[in-house]
$ cat my_file_2.cif   # mmCIF, C-alpha atoms and all ligand atoms
data_structure
#
loop_
_atom_site.label_atom_id
_atom_site.label_comp_id
_atom_site.auth_asym_id
_atom_site.auth_seq_id
_atom_site.Cartn_x
_atom_site.Cartn_y
_atom_site.Cartn_z
CA MET Z 53 -41.49 55.99 -119.24
CA SER Z 54 -44.15 54.15 -117.22
CA HIS Z 55 -46.39 55.93 -114.70
CA THR Z 56 -44.58 53.94 -112.03
CA GLU Z 57 -41.10 55.06 -113.09
CA ALA Z 58 -42.17 58.70 -113.44
CA THR Z 59 -43.86 58.69 -110.03
CA ALA Z 60 -40.93 56.90 -108.34
CA ALA Z 61 -38.61 59.62 -109.71
CA GLN Z 62 -40.87 62.37 -108.37
CA ILE Z 63 -40.98 60.68 -104.96
CA ARG Z 64 -37.17 60.31 -104.88
CA ASP Z 65 -36.72 64.01 -105.78
CA LEU Z 66 -39.28 65.15 -103.16
CA LYS Z 67 -41.46 66.62 -105.91
CA ILE Z 68 -44.05 64.47 -104.19
CA GLN Z 69 -43.46 64.64 -100.44
CA GLY Z 70 -45.17 63.55 -97.25
CA ALA Z 71 -46.16 59.96 -96.58
CA ASN Z 72 -49.83 60.36 -97.57
CA ALA Z 73 -49.12 62.01 -100.91
CA ILE Z 74 -46.35 59.50 -101.60
CA ALA Z 75 -48.61 56.51 -100.90
CA LYS Z 76 -51.56 57.85 -102.90
CA SER Z 77 -49.49 58.83 -105.93
CA ALA Z 78 -47.79 55.41 -105.89
CA LEU Z 79 -51.15 53.64 -105.88
CA ARG Z 80 -52.45 55.80 -108.74
CA ALA Z 81 -49.33 55.12 -110.83
CA LEU Z 82 -49.47 51.37 -110.22
CA ALA Z 83 -53.18 51.20 -111.10
CA ALA Z 84 -52.61 53.26 -114.26
CA ASP Z 85 -49.80 50.98 -115.48
CA LEU Z 86 -51.77 47.83 -114.71
CA SER Z 87 -54.86 49.09 -116.46
CA GLU Z 88 -52.86 50.10 -119.56
CA ASP Z 89 -51.10 46.72 -119.68
CA ARG Z 90 -52.96 43.88 -117.99
CA ALA Z 91 -49.91 41.62 -118.41
CA ALA Z 92 -47.62 44.01 -116.49
CA ASP Z 93 -45.94 42.57 -113.39
CA GLY Z 94 -47.67 44.32 -110.49
CA GLU Z 95 -45.17 43.06 -107.91
CA ALA Z 96 -42.20 44.38 -109.92
CA LEU Z 97 -43.89 47.77 -110.42
CA ALA Z 98 -44.68 47.92 -106.70
CA GLN Z 99 -41.03 47.21 -105.92
CA THR Z 100 -39.92 50.21 -108.02
CA LEU Z 101 -42.24 52.45 -106.01
CA ILE Z 102 -41.27 50.92 -102.66
CA LEU Z 103 -37.57 51.48 -103.36
CA ALA Z 104 -38.10 55.19 -104.13
CA ARG Z 105 -37.91 56.03 -100.40
CA PRO Z 106 -37.14 53.52 -97.67
CA ASN Z 107 -39.27 54.81 -94.74
CA GLU Z 108 -42.72 54.80 -96.34
CA PRO Z 109 -44.84 51.96 -94.92
CA MET Z 110 -48.06 53.72 -95.93
CA LEU Z 111 -46.97 53.26 -99.54
CA ARG Z 112 -46.02 49.64 -98.88
CA ASN Z 113 -49.22 48.82 -96.96
CA LEU Z 114 -51.55 50.57 -99.40
CA VAL Z 115 -49.96 48.99 -102.46
CA ARG Z 116 -50.00 45.58 -100.72
CA ALA Z 117 -53.71 45.95 -99.90
CA PHE Z 118 -54.35 46.87 -103.55
CA LEU Z 119 -52.40 43.92 -104.98
CA ASP Z 120 -53.92 41.45 -102.49
CA ALA Z 121 -57.44 42.65 -103.37
CA GLY Z 122 -56.68 42.06 -107.09
CA GLY Z 123 -59.35 39.71 -108.45
CA GLU Z 124 -61.95 40.80 -110.94
CA GLU Z 125 -62.32 44.47 -110.02
CA ASP Z 126 -60.98 46.99 -112.57
CA HIS Z 127 -57.58 48.30 -111.38
CA GLU Z 128 -58.50 51.98 -111.61
CA ALA Z 129 -61.85 51.41 -109.89
CA LEU Z 130 -60.19 49.46 -107.07
CA ALA Z 131 -57.57 52.20 -106.61
CA GLU Z 132 -60.28 54.90 -106.53
CA ARG Z 133 -62.26 52.90 -103.97
CA LEU Z 134 -59.22 52.55 -101.70
CA LEU Z 135 -58.26 56.21 -102.11
CA ALA Z 136 -61.80 57.37 -101.32
CA ARG Z 137 -61.72 55.29 -98.15
CA VAL Z 138 -58.34 56.74 -97.11
CA GLU Z 139 -59.70 60.24 -97.70
CA GLN Z 140 -62.71 59.53 -95.47
CA GLU Z 141 -60.35 58.23 -92.81
CA GLU Z 142 -58.21 61.37 -93.11
CA ALA Z 143 -61.33 63.40 -92.39
CA ALA Z 144 -61.85 61.29 -89.25
CA ILE Z 145 -58.26 62.06 -88.14
CA ALA Z 146 -58.84 65.77 -88.78
CA SER Z 147 -62.00 65.68 -86.71
CA ALA Z 148 -60.41 63.79 -83.78
CA GLY Z 149 -57.43 66.17 -83.83
CA ALA Z 150 -59.55 69.32 -84.09
CA ASP Z 151 -61.24 68.33 -80.82
CA LEU Z 152 -57.84 68.91 -79.14
CA ILE Z 153 -57.48 72.50 -80.35
CA GLN Z 154 -59.03 74.91 -77.85
CA PRO Z 155 -59.62 78.66 -78.37
CA GLY Z 156 -56.47 80.75 -77.93
CA MET Z 157 -54.04 77.83 -78.15
CA HIS Z 158 -50.52 78.12 -79.56
CA VAL Z 159 -49.79 75.04 -81.67
CA PHE Z 160 -46.23 74.20 -82.71
CA THR Z 161 -45.65 72.13 -85.85
CA HIS Z 162 -42.64 71.11 -87.92
CA CYS Z 163 -42.13 70.15 -91.58
CA HIS Z 164 -45.19 69.53 -93.77
CA SER Z 165 -47.61 66.83 -92.77
CA SER Z 166 -50.91 66.87 -94.63
CA THR Z 167 -52.39 64.97 -91.68
CA ALA Z 168 -51.31 67.68 -89.22
CA THR Z 169 -52.45 70.51 -91.51
CA GLY Z 170 -55.74 68.63 -91.97
CA VAL Z 171 -56.29 68.79 -88.21
CA LEU Z 172 -55.46 72.50 -88.07
CA LYS Z 173 -57.66 73.36 -91.05
CA GLU Z 174 -60.57 71.44 -89.53
CA ALA Z 175 -60.16 73.32 -86.22
CA HIS Z 176 -60.14 76.59 -88.18
CA ARG Z 177 -63.24 75.54 -90.16
CA ARG Z 178 -65.01 74.99 -86.85
CA GLY Z 179 -64.28 78.61 -85.95
CA THR Z 180 -61.72 77.90 -83.20
CA PRO Z 181 -59.26 80.83 -82.97
CA PHE Z 182 -55.65 79.62 -82.49
CA LYS Z 183 -52.13 80.41 -83.63
CA VAL Z 184 -49.61 78.13 -85.34
CA LEU Z 185 -45.85 78.43 -84.81
CA ASN Z 186 -43.85 76.54 -87.41
CA THR Z 187 -40.27 75.83 -88.36
CA GLU Z 188 -38.88 76.14 -91.90
CA THR Z 189 -37.39 72.60 -91.96
CA ARG Z 190 -33.92 72.69 -93.42
CA PRO Z 191 -32.63 71.63 -95.86
CA ARG Z 192 -35.70 71.33 -98.13
CA TYR Z 193 -37.97 73.90 -96.41
CA GLN Z 194 -41.15 71.84 -96.24
CA GLY Z 195 -42.15 74.14 -93.35
CA ARG Z 196 -42.79 76.83 -95.94
CA ILE Z 197 -45.41 74.60 -97.55
CA THR Z 198 -47.14 74.34 -94.18
CA ALA Z 199 -46.94 78.07 -93.48
CA ALA Z 200 -48.27 79.01 -96.93
CA GLU Z 201 -51.06 76.40 -96.79
CA LEU Z 202 -52.29 77.46 -93.34
CA ALA Z 203 -51.97 81.20 -93.98
CA GLY Z 204 -53.90 80.65 -97.22
CA GLU Z 205 -56.76 79.30 -95.11
CA GLY Z 206 -56.65 82.39 -92.90
CA ILE Z 207 -54.88 80.72 -89.95
CA GLU Z 208 -52.44 82.91 -88.02
CA VAL Z 209 -48.90 81.55 -88.58
CA LEU Z 210 -45.58 82.57 -87.06
CA HIS Z 211 -42.74 81.04 -89.10
CA MET Z 212 -39.14 80.65 -87.91
CA VAL Z 213 -35.82 78.93 -88.53
CA ASP Z 214 -35.49 75.48 -87.00
CA SER Z 215 -33.04 76.62 -84.34
CA ALA Z 216 -35.57 79.19 -83.04
CA ALA Z 217 -37.96 76.41 -81.99
CA LYS Z 218 -37.27 76.95 -78.29
CA TYR Z 219 -39.10 80.29 -78.56
CA ALA Z 220 -42.12 78.48 -79.95
CA LEU Z 221 -42.11 75.48 -77.64
CA ASP Z 222 -41.64 77.50 -74.44
CA GLY Z 223 -45.28 78.30 -73.72
CA ALA Z 224 -46.84 76.30 -76.54
CA ASP Z 225 -50.03 74.42 -75.70
CA LEU Z 226 -49.48 71.57 -78.10
CA PHE Z 227 -46.89 70.08 -80.46
CA LEU Z 228 -48.59 68.47 -83.47
CA PHE Z 229 -46.66 66.51 -86.07
CA GLY Z 230 -47.09 63.70 -88.57
CA ALA Z 231 -45.35 60.38 -89.10
CA ASP Z 232 -43.77 58.45 -91.90
CA ALA Z 233 -43.47 55.19 -90.02
CA ILE Z 234 -44.34 53.66 -86.67
CA LEU Z 235 -42.03 50.80 -85.87
CA PRO Z 236 -42.73 47.67 -83.80
CA SER Z 237 -39.30 48.37 -82.23
CA GLY Z 238 -41.02 51.21 -80.31
CA TYR Z 239 -40.04 54.27 -82.34
CA LEU Z 240 -41.69 56.49 -84.91
CA ILE Z 241 -40.01 58.02 -87.91
CA ASN Z 242 -40.74 61.62 -88.90
CA LYS Z 243 -38.85 64.57 -90.39
CA VAL Z 244 -35.44 65.26 -88.88
CA GLY Z 245 -35.92 67.75 -86.06
CA THR Z 246 -38.97 65.95 -84.67
CA GLY Z 247 -36.76 64.13 -82.14
CA ILE Z 248 -35.12 67.18 -80.60
CA PHE Z 249 -38.44 69.07 -80.58
CA CYS Z 250 -40.09 66.16 -78.75
CA VAL Z 251 -37.37 66.25 -76.10
CA VAL Z 252 -37.73 70.02 -75.68
CA ALA Z 253 -41.55 69.71 -75.61
CA SER Z 254 -41.32 67.15 -72.82
CA ARG Z 255 -39.02 69.47 -70.81
CA TYR Z 256 -41.64 72.23 -71.14
CA ASP Z 257 -44.57 69.86 -70.47
CA VAL Z 258 -46.01 70.52 -73.92
CA PRO Z 259 -48.13 67.52 -75.00
CA ALA Z 260 -46.88 65.98 -78.25
CA TYR Z 261 -49.54 64.61 -80.59
CA CYS Z 262 -48.67 62.55 -83.63
CA ALA Z 263 -51.39 62.71 -86.29
CA THR Z 264 -51.18 59.58 -88.39
CA HIS Z 265 -53.12 57.04 -90.36
CA THR Z 266 -52.57 53.51 -89.01
CA LEU Z 267 -51.39 52.54 -92.52
CA LYS Z 268 -48.07 53.98 -91.34
CA VAL Z 269 -47.56 51.16 -88.86
CA VAL Z 270 -44.77 48.97 -90.22
CA ARG Z 271 -46.07 45.41 -90.66
CA ASP Z 272 -43.26 43.71 -92.55
CA HIS Z 273 -40.35 44.10 -90.12
CA SER Z 274 -39.50 45.44 -86.67
CA ASP Z 275 -37.07 48.23 -87.39
CA GLU Z 276 -35.66 50.18 -90.33
CA ALA Z 277 -32.71 52.49 -91.01
CA VAL Z 278 -33.41 56.18 -91.60
CA GLU Z 279 -33.12 57.43 -95.19
CA GLN Z 280 -29.92 59.39 -95.85
CA ARG Z 281 -30.31 62.20 -98.40
CA PRO Z 282 -27.62 63.66 -100.71
CA PRO Z 283 -25.13 65.97 -98.90
CA GLY Z 284 -25.65 68.61 -101.61
CA GLU Z 285 -29.13 69.29 -100.24
CA VAL Z 286 -27.43 70.80 -97.18
CA TRP Z 287 -24.35 72.40 -98.73
CA PRO Z 288 -24.01 72.09 -102.51
CA ASP Z 289 -20.42 73.35 -102.64
CA ALA Z 290 -19.06 72.19 -99.30
CA PRO Z 291 -15.26 72.54 -99.19
CA PRO Z 292 -13.14 69.41 -99.54
CA GLY Z 293 -12.73 67.57 -96.23
CA VAL Z 294 -16.18 68.58 -94.91
CA LEU Z 295 -18.45 65.58 -94.61
CA VAL Z 296 -22.13 66.51 -94.59
CA PHE Z 297 -24.66 64.43 -92.63
CA ASN Z 298 -28.18 64.67 -94.06
CA PRO Z 299 -30.65 62.24 -92.50
CA ALA Z 300 -34.16 62.75 -93.87
CA PHE Z 301 -35.85 61.73 -90.64
CA ASP Z 302 -35.52 61.21 -86.90
CA LYS Z 303 -36.34 58.04 -85.06
CA VAL Z 304 -38.30 59.13 -81.98
CA HIS Z 305 -39.07 56.91 -79.01
CA LEU Z 306 -42.82 56.40 -78.61
CA LYS Z 307 -42.59 57.48 -74.95
CA TYR Z 308 -42.48 61.08 -76.25
CA VAL Z 309 -45.89 60.80 -77.89
CA THR Z 310 -48.73 61.83 -75.58
CA THR Z 311 -51.29 60.21 -77.92
CA PHE Z 312 -51.63 59.31 -81.58
CA VAL Z 313 -54.46 60.96 -83.47
CA THR Z 314 -55.68 58.31 -85.91
CA GLU Z 315 -58.66 57.43 -88.09
CA ARG Z 316 -59.75 55.22 -85.17
CA GLY Z 317 -59.62 58.17 -82.77
CA LEU Z 318 -57.05 58.97 -80.07
CA ILE Z 319 -54.90 55.89 -79.48
CA LYS Z 320 -52.00 55.60 -77.07
CA ASP Z 321 -50.76 52.23 -78.31
CA VAL Z 322 -50.97 52.58 -82.07
CA LEU Z 323 -48.91 49.41 -82.58
CA GLU Z 324 -51.94 47.43 -81.38
CA ALA Z 325 -54.12 48.73 -84.24
CA PRO Z 326 -55.15 45.87 -86.54
CA PRO Z 327 -53.77 45.88 -90.12
CA TRP Z 328 -55.76 47.81 -92.74
CA ARG Z 329 -57.29 45.60 -95.41
CA ALA Z 330 -59.02 46.48 -98.69
C1 LIG Z 401 -42.42 64.67 -94.63
C2 LIG Z 401 -42.70 64.31 -93.20
C3 LIG Z 401 -44.14 64.31 -92.80
C4 LIG Z 401 -44.69 62.90 -92.86
C5 LIG Z 401 -46.19 62.86 -92.67
O1 LIG Z 401 -41.08 64.39 -95.00
O2 LIG Z 401 -41.84 63.96 -92.43
O3 LIG Z 401 -44.29 64.78 -91.49
O4 LIG Z 401 -44.38 62.34 -94.12
O5 LIG Z 401 -46.80 63.56 -93.72
P1 LIG Z 401 -40.66 64.56 -96.54
P2 LIG Z 401 -48.33 63.25 -94.10
O6 LIG Z 401 -40.98 65.97 -96.92
O7 LIG Z 401 -39.20 64.25 -96.55
O8 LIG Z 401 -41.46 63.55 -97.33
O9 LIG Z 401 -49.11 63.54 -92.86
O10 LIG Z 401 -48.64 64.19 -95.22
O11 LIG Z 401 -48.41 61.82 -94.46
#
$ encode --input "my_file_2.cif" --output "structure tokens" --more "lines below"
Ligand code: RUB
Amino acid sequence: MSHTEATAAQIRDLKIQGANAIAKSALRALAADLSEDRAADGEALAQTLILARPNEPMLRNLVRAFLDAGGEEDHEALAERLLARVEQEEAAIASAGADLIQPGMHVFTHCHSSTATGVLKEAHRRGTPFKVLNTETRPRYQGRITAAELAGEGIEVLHMVDSAAKYALDGADLFLFGADAILPSGYLINKVGTGIFCVVASRYDVPAYCATHTLKVVRDHSDEAVEQRPPGEVWPDAPPGVLVFNPAFDKVHLKYVTTFVTERGLIKDVLEAPPWRA
């Protein structure tokens, strides 16, 4: 099995999750296959990775930048150069986001976004005392990854079921979440639950910050349908006659986002950010 096929399978099965990790692992797999076989069809390999999950523009944009930069540079070296740059830019997002976290704040977060946890870990590294309230994120429990990661750093975490989020948002100082996609149609895509939590946050006047790399801005079309996951993730042995609805993500209107926290700093209109080139 090629690196590309193996990585695409891991992305499909959520063994690799979160837009950043998905995009980086896809780029590594593509570069590995191309360096092992210089005659391999890069566009076809890229297509296999792109089809693994439909709402991952960071994967699409990063792989596109890599293929367009082709030329003489060794594939692995080019991939490493791009990944190192993305990592530097992630540090810039963490720094811009950490400026928002003030001593004593209660920060609500949902699912697992490495960009959001990067912000929180940076704030903690700076010595800012704060508390994180986080939801477990049914059906795949990515919220547990967040809780374990932050607690492992020594950050105070209060973990709860998704439907307890009102307790967390009522009185929270900030709602911080990531993004899979930002659509020219005026919506962002992030883990299912983000939409209802944004609405509740706005009712409680809790500012909602989306921490995202601008590679997540969709460049190739205006809108896209949300990924639907297998019903068995929600209820493996649902009785006959019960139809199970399992959207992976929510589409959230951009009016709910107070500001985007990006590698270019705090940006209200992230759709205006210029495309990222290698
Ligand atoms: C993960 C999710 C994350 C974004 C951003 O969903 O919605 O918030 O992908 O993550 P899933 P990151 O677990 O279904 O992939 O900031 O790490 O890119």
$ residues_around --input "my_file_2.cif" --residues "Glu108 (chain Z)" --least-positions-apart "2" --cutoff "8 Å" --atoms "all atoms listed in the file" --output "tab-separated table (two decimals) with C-alpha atoms, keeping the file's coordinate frame"
chain	number	residue	atom	x	y	z
Z	71	ALA	CA	-46.16	59.96	-96.58
Z	74	ILE	CA	-46.35	59.50	-101.60
Z	75	ALA	CA	-48.61	56.51	-100.90
Z	102	ILE	CA	-41.27	50.92	-102.66
Z	105	ARG	CA	-37.91	56.03	-100.40
Z	106	PRO	CA	-37.14	53.52	-97.67
Z	110	MET	CA	-48.06	53.72	-95.93
Z	111	LEU	CA	-46.97	53.26	-99.54
Z	112	ARG	CA	-46.02	49.64	-98.88
Z	232	ASP	CA	-43.77	58.45	-91.90
Z	233	ALA	CA	-43.47	55.19	-90.02
Z	268	LYS	CA	-48.07	53.98	-91.34
$ residues_around --input "my_file_2.cif" --residues "region 251-263 of chain Z" --least-positions-apart "3" --cutoff "7 Å" --atoms "all atoms listed in the file" --output "list in words"
Thr167, Ala168, Leu221, Asp222, Ala224, Asp225, Leu226, Phe227, Leu228, Phe229, Gly230, Ala231, Gly247, Ile248, Tyr308, Val309, Thr310, Thr311, Phe312, Val313 and Thr314 of chain Z
$ write_last_selection --input "my_file_2.cif" --atoms "C-alpha atoms" --output "short mmCIF file (atom, residue, chain, number, x, y, z; two decimals), keeping the file's coordinate frame"
data_model
loop_
_atom_site.label_atom_id
_atom_site.label_comp_id
_atom_site.auth_asym_id
_atom_site.auth_seq_id
_atom_site.Cartn_x
_atom_site.Cartn_y
_atom_site.Cartn_z
CA THR Z 167 -52.39 64.97 -91.68
CA ALA Z 168 -51.31 67.68 -89.22
CA LEU Z 221 -42.11 75.48 -77.64
CA ASP Z 222 -41.64 77.50 -74.44
CA ALA Z 224 -46.84 76.30 -76.54
CA ASP Z 225 -50.03 74.42 -75.70
CA LEU Z 226 -49.48 71.57 -78.10
CA PHE Z 227 -46.89 70.08 -80.46
CA LEU Z 228 -48.59 68.47 -83.47
CA PHE Z 229 -46.66 66.51 -86.07
CA GLY Z 230 -47.09 63.70 -88.57
CA ALA Z 231 -45.35 60.38 -89.10
CA GLY Z 247 -36.76 64.13 -82.14
CA ILE Z 248 -35.12 67.18 -80.60
CA TYR Z 308 -42.48 61.08 -76.25
CA VAL Z 309 -45.89 60.80 -77.89
CA THR Z 310 -48.73 61.83 -75.58
CA THR Z 311 -51.29 60.21 -77.92
CA PHE Z 312 -51.63 59.31 -81.58
CA VAL Z 313 -54.46 60.96 -83.47
CA THR Z 314 -55.68 58.31 -85.91
#
$ residues_near_ligand --input "my_file_2.cif" --ligand "ligand LIG 401 (chain Z)" --cutoff "8 Å" --atoms "all atoms listed in the file" --output "ChimeraX atom specification"
/Z:66,68-74,162-169,192,194,229-232,241-244,263-265,300-301
$ write_last_selection --input "my_file_2.cif" --atoms "C-alpha atoms" --output "PDB file, keeping the file's coordinate frame"
ATOM      1  CA  LEU Z  66     -39.280  65.150-103.160  1.00  0.00           C
ATOM      2  CA  ILE Z  68     -44.050  64.470-104.190  1.00  0.00           C
ATOM      3  CA  GLN Z  69     -43.460  64.640-100.440  1.00  0.00           C
ATOM      4  CA  GLY Z  70     -45.170  63.550 -97.250  1.00  0.00           C
ATOM      5  CA  ALA Z  71     -46.160  59.960 -96.580  1.00  0.00           C
ATOM      6  CA  ASN Z  72     -49.830  60.360 -97.570  1.00  0.00           C
ATOM      7  CA  ALA Z  73     -49.120  62.010-100.910  1.00  0.00           C
ATOM      8  CA  ILE Z  74     -46.350  59.500-101.600  1.00  0.00           C
ATOM      9  CA  HIS Z 162     -42.640  71.110 -87.920  1.00  0.00           C
ATOM     10  CA  CYS Z 163     -42.130  70.150 -91.580  1.00  0.00           C
ATOM     11  CA  HIS Z 164     -45.190  69.530 -93.770  1.00  0.00           C
ATOM     12  CA  SER Z 165     -47.610  66.830 -92.770  1.00  0.00           C
ATOM     13  CA  SER Z 166     -50.910  66.870 -94.630  1.00  0.00           C
ATOM     14  CA  THR Z 167     -52.390  64.970 -91.680  1.00  0.00           C
ATOM     15  CA  ALA Z 168     -51.310  67.680 -89.220  1.00  0.00           C
ATOM     16  CA  THR Z 169     -52.450  70.510 -91.510  1.00  0.00           C
ATOM     17  CA  ARG Z 192     -35.700  71.330 -98.130  1.00  0.00           C
ATOM     18  CA  GLN Z 194     -41.150  71.840 -96.240  1.00  0.00           C
ATOM     19  CA  PHE Z 229     -46.660  66.510 -86.070  1.00  0.00           C
ATOM     20  CA  GLY Z 230     -47.090  63.700 -88.570  1.00  0.00           C
ATOM     21  CA  ALA Z 231     -45.350  60.380 -89.100  1.00  0.00           C
ATOM     22  CA  ASP Z 232     -43.770  58.450 -91.900  1.00  0.00           C
ATOM     23  CA  ILE Z 241     -40.010  58.020 -87.910  1.00  0.00           C
ATOM     24  CA  ASN Z 242     -40.740  61.620 -88.900  1.00  0.00           C
ATOM     25  CA  LYS Z 243     -38.850  64.570 -90.390  1.00  0.00           C
ATOM     26  CA  VAL Z 244     -35.440  65.260 -88.880  1.00  0.00           C
ATOM     27  CA  ALA Z 263     -51.390  62.710 -86.290  1.00  0.00           C
ATOM     28  CA  THR Z 264     -51.180  59.580 -88.390  1.00  0.00           C
ATOM     29  CA  HIS Z 265     -53.120  57.040 -90.360  1.00  0.00           C
ATOM     30  CA  ALA Z 300     -34.160  62.750 -93.870  1.00  0.00           C
ATOM     31  CA  PHE Z 301     -35.850  61.730 -90.640  1.00  0.00           C
TER      32      PHE Z 301
END
$ atom_distance --input "my_file_2.cif" --atom1 "CA of Lys173 (chain Z)" --atom2 "CA of Glu132 (chain Z)"
24.2 Å
$ axis_aligned_box --input "my_file_2.cif" --around "region 61-72 of chain Z" --padding-each-side "4 Å" --output "AutoDock Vina command-line options"
--center_x -43.3 --center_y 63.1 --center_z -103.1 --size_x 21.1 --size_y 15.0 --size_z 21.1
$ atom_distance --input "my_file_2.cif" --atom1 "CA of Leu97 (chain Z)" --atom2 "CA of Trp328 (chain Z)"
21.3 Å
